[in-house]
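Reviewing the structure listed below.
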Amino acid sequence: MTSTYAFNLNQNQIMQSGFMIKIEYFLICTTLFFAAMYFCLPVPYSEELALLYPWWAERITFGNIQLYEVFSLLWILLFGHKLVKRDFWIKHALIKGSVVALVLLAIWCGLVSVVTSPLPELDVGRTFRLLHNAALLCAVFYLSRKNHQLLLTCLVSGFLTGTIINLFISYQYPHVICGVLLMAGQNTPGVAMAIAIHMCAWLFSASQSPRAKTFSVFILPIFVFGAVFSASKLAWIIVCLGLIVWAYIFYKADVNRKSIARILKLVKLGLGLFLITFTIYIAFSSFKIMTALEENTETQLLIALEANTEIQSTTGCPDYTSSKSTNPLTKATSVENAPPTIQSLNSLLTSLHKANEHAIRILIRKIHGLNVSNSIRLAYFSGTFEIITKYPFGVGYSGFYEAMISTDIYKSGKAAQEVSMYEANPHSSFLWYATAGGIIGGLLTIISFYLLLKNIKFGLVSALGISGYVFFLTAALSFLAIGLIVPYIFNSIIFIVPTAIAAGWGDQSHKRST
């Protein structure tokens, strides 16, 4: 009787344990899905435009807390007791250093902000977001050790959902500047879509399921298109690095059956020749378009307008589409009497030419705005140096505004104009925490970044062997670029979650091999 009671009790405990595990996975998977989706959602160019967006294209928030943070906070509430247990940290020894560094960074910058900055309430929220991400790092790593493929799938699915919504809204409510259609948002959604290219490669390599591999390949072009469409230079860099990974995966692919292996070799050769031919075509076509633009007297107006990033309408832009006779970017060609094959070919070339024309217009904006953009970013480095020299312990998050406008570089007019202390930041994660926490904050930022990269390296190399170095180098360069150019590498999921997944994936593979 006693043994039967003990057996039934044990069965109930197992059932309850299984149910709680499902709840835990549900909370973290939902967190990753919505966090990734929110990153890619459209960013309206004006408050009037934002009112037109449907509810499913907006971020659901509860005060300053976003929906995905609600689910992660529920995990902390239900399962956060694990974080104070000794055996939990023994299992998490791999990421212990990263977690400690993030917590110290959050506490130090938070204390400085509360003492010195003019908006302590806002800065406390920023502090808790860093602490929240440290807890999320633990949770995702813990569950990735058991099922990294599930978490990767949820993350990629979130990026995909947000990308599709953004593309739909961008075409539904077009924002055009001098003939260039712009995505609703630039660095934020563009960078997320570019990182999703890397995550698709990870999912393809981590999965043994043909469905998962097919899914990752099928959605890859959507992310590539979205990231390129964003017209973010940072996103373009990350896209190139992501495509290097995919090229490595494709050309390294091999099969056992000789017949299929021969076909694969022919496909690789054909694809290589196609890419070379296509690159030559794009280069030649671009040269012709740029030559036509330079020879046209109206081009100077176009360039001036394209370089002006504050223009919000196409007023005053030359119309290059009204007449073929005056349009230097098009050439009238009569193919009415040509055979259908020639007509189809001409239609294809015309479409490619128009697409390339649009790309050239975007490049004009980027090229002619590059010097201005670079000088502004260099001004932030000079301004940060002045701030740290004057305030070696930092000025807090919201103290950056007053500190920056007091610098010599800002008074010289070379820096970007700061609007308010609520939004002012140095547009770099490393500079952001260096100004907030001073010398100590800067050192903790570098240490945190190094330790997180170390976790990614261990995870990818342990899981993929030599191939892991290719995955790691491209990811490391991508995250380094993000850290240098935008301020959200630590206070968002864009770096924290991939690190946790890679570390958990590698830890699982390492233990299986040993």
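Letters A, B, ... go to the chains of the structure tokens in the order shown; residues in each chain start at 1; ligands are counted from 1 in the same order.
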
Practice task
From a DSSP pass on the backbone, collect the residues of segment 125-278 of chain A flagged as helix (DSSP H, G or I) and hand them back as a VMD selection string.
Solution key: chain A and resid 125 to 172 187 to 206 210 to 229 233 to 252 258 to 278

- [ ] Just the residues within 10 Å of Ile165 of chain A, please, counting only C-alpha atoms, with nothing from its chain fewer than 5 positions along; format it as a ChimeraX atom specification.
- [x] /A:37,40-42,56-58,160,170

Smallest atom-to-atom distance to Lys233 of chain A: which of A:Val191, A:Cys138, A:Leu32, A:Leu269, using only C-alpha atoms?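 Closest residue, counting only C-alpha atoms: A:Val191.
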
As a check of understanding: the span from atom CA of Ile164 of chain A to atom CA of Gly226 of chain A is 8.6 Å

Can you tell me, as a compact mmCIF listing (two decimals) with N, CA and C atoms, in the first residue's frame, what residues are no more than 8 Å from segment 452-455 of chain A when counting only C-alpha atoms, ignoring any on the same chain fewer than 4 positions away?
# COMPACT_ATOMS: atom_id res chain seq x y z
N LEU A 94 29.20 28.35 -17.89
CA LEU A 94 29.68 28.85 -19.18
C LEU A 94 29.36 30.33 -19.37
N ILE A 95 28.20 30.78 -18.95
CA ILE A 95 27.80 32.17 -19.16
C ILE A 95 27.85 32.99 -17.87
N SER A 98 29.59 36.39 -18.22
CA SER A 98 28.81 37.35 -19.01
C SER A 98 27.67 37.94 -18.19
N SER A 448 31.98 43.00 -21.02
CA SER A 448 30.72 42.31 -21.32
C SER A 448 30.68 41.85 -22.77
N GLY A 459 30.17 28.20 -28.35
CA GLY A 459 28.97 27.50 -28.77
C GLY A 459 29.03 27.06 -30.21
N ALA A 476 30.53 37.84 -35.18
CA ALA A 476 31.29 38.77 -34.32
C ALA A 476 31.46 40.12 -35.00
N ILE A 496 21.94 39.51 -27.08
CA ILE A 496 21.83 38.65 -25.91
C ILE A 496 21.27 37.28 -26.27
N THR A 499 23.50 34.99 -28.47
CA THR A 499 24.59 34.49 -27.62
C THR A 499 24.13 33.32 -26.77
N ALA A 500 22.97 33.46 -26.12
CA ALA A 500 22.45 32.41 -25.25
C ALA A 500 22.15 31.14 -26.04
N ALA A 502 23.47 30.19 -28.98
CA ALA A 502 24.73 29.58 -29.44
C ALA A 502 25.44 28.86 -28.30
N ALA A 503 25.48 29.48 -27.13
CA ALA A 503 26.15 28.87 -25.97
C ALA A 503 25.44 27.60 -25.54

Exercise. Find the residues around segment 383-388 of chain A up to 10 Å (only C-alpha atoms counted), leave out those fewer than 6 positions away in its own chain, and share them as a ChimeraX atom specification.
Key: /A:377,394-395,400,403-410,415,426,431-432,434-439,442

With distances taken over only C-alpha atoms, the candidate from A:Ile107, A:Tyr397, A:Leu271, A:Thr116 nearest Tyr422 of chain A is A:Tyr397

Check your understanding: Among segment 99-195 of chain A, which residues carry a DSSP assignment of strand (DSSP E), reported as a list of chain:residue names?
Key ->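 For segment 99-195 of chain A, the strand (DSSP E) set is A:His175, A:Val176, A:Ile177, A:Val180, A:Leu181, A:Leu182.
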
List the neighbours of Val115 of chain A out to 12 Å using only C-alpha atoms; skip same-chain residues closer than 2 positions along the sequence, and give me the result as a list in words.
->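 Here the qualifying residues turn out to be Trp108, Cys109, Gly110, Leu111, Val112, Ser113, Ser117, Pro118, Leu119, Pro120, Glu121, Asp123, Val124, Phe393, Gly394, Val395, Gly396, Tyr397, Ser398, Gly399, Ala436 and Gly437 of chain A.
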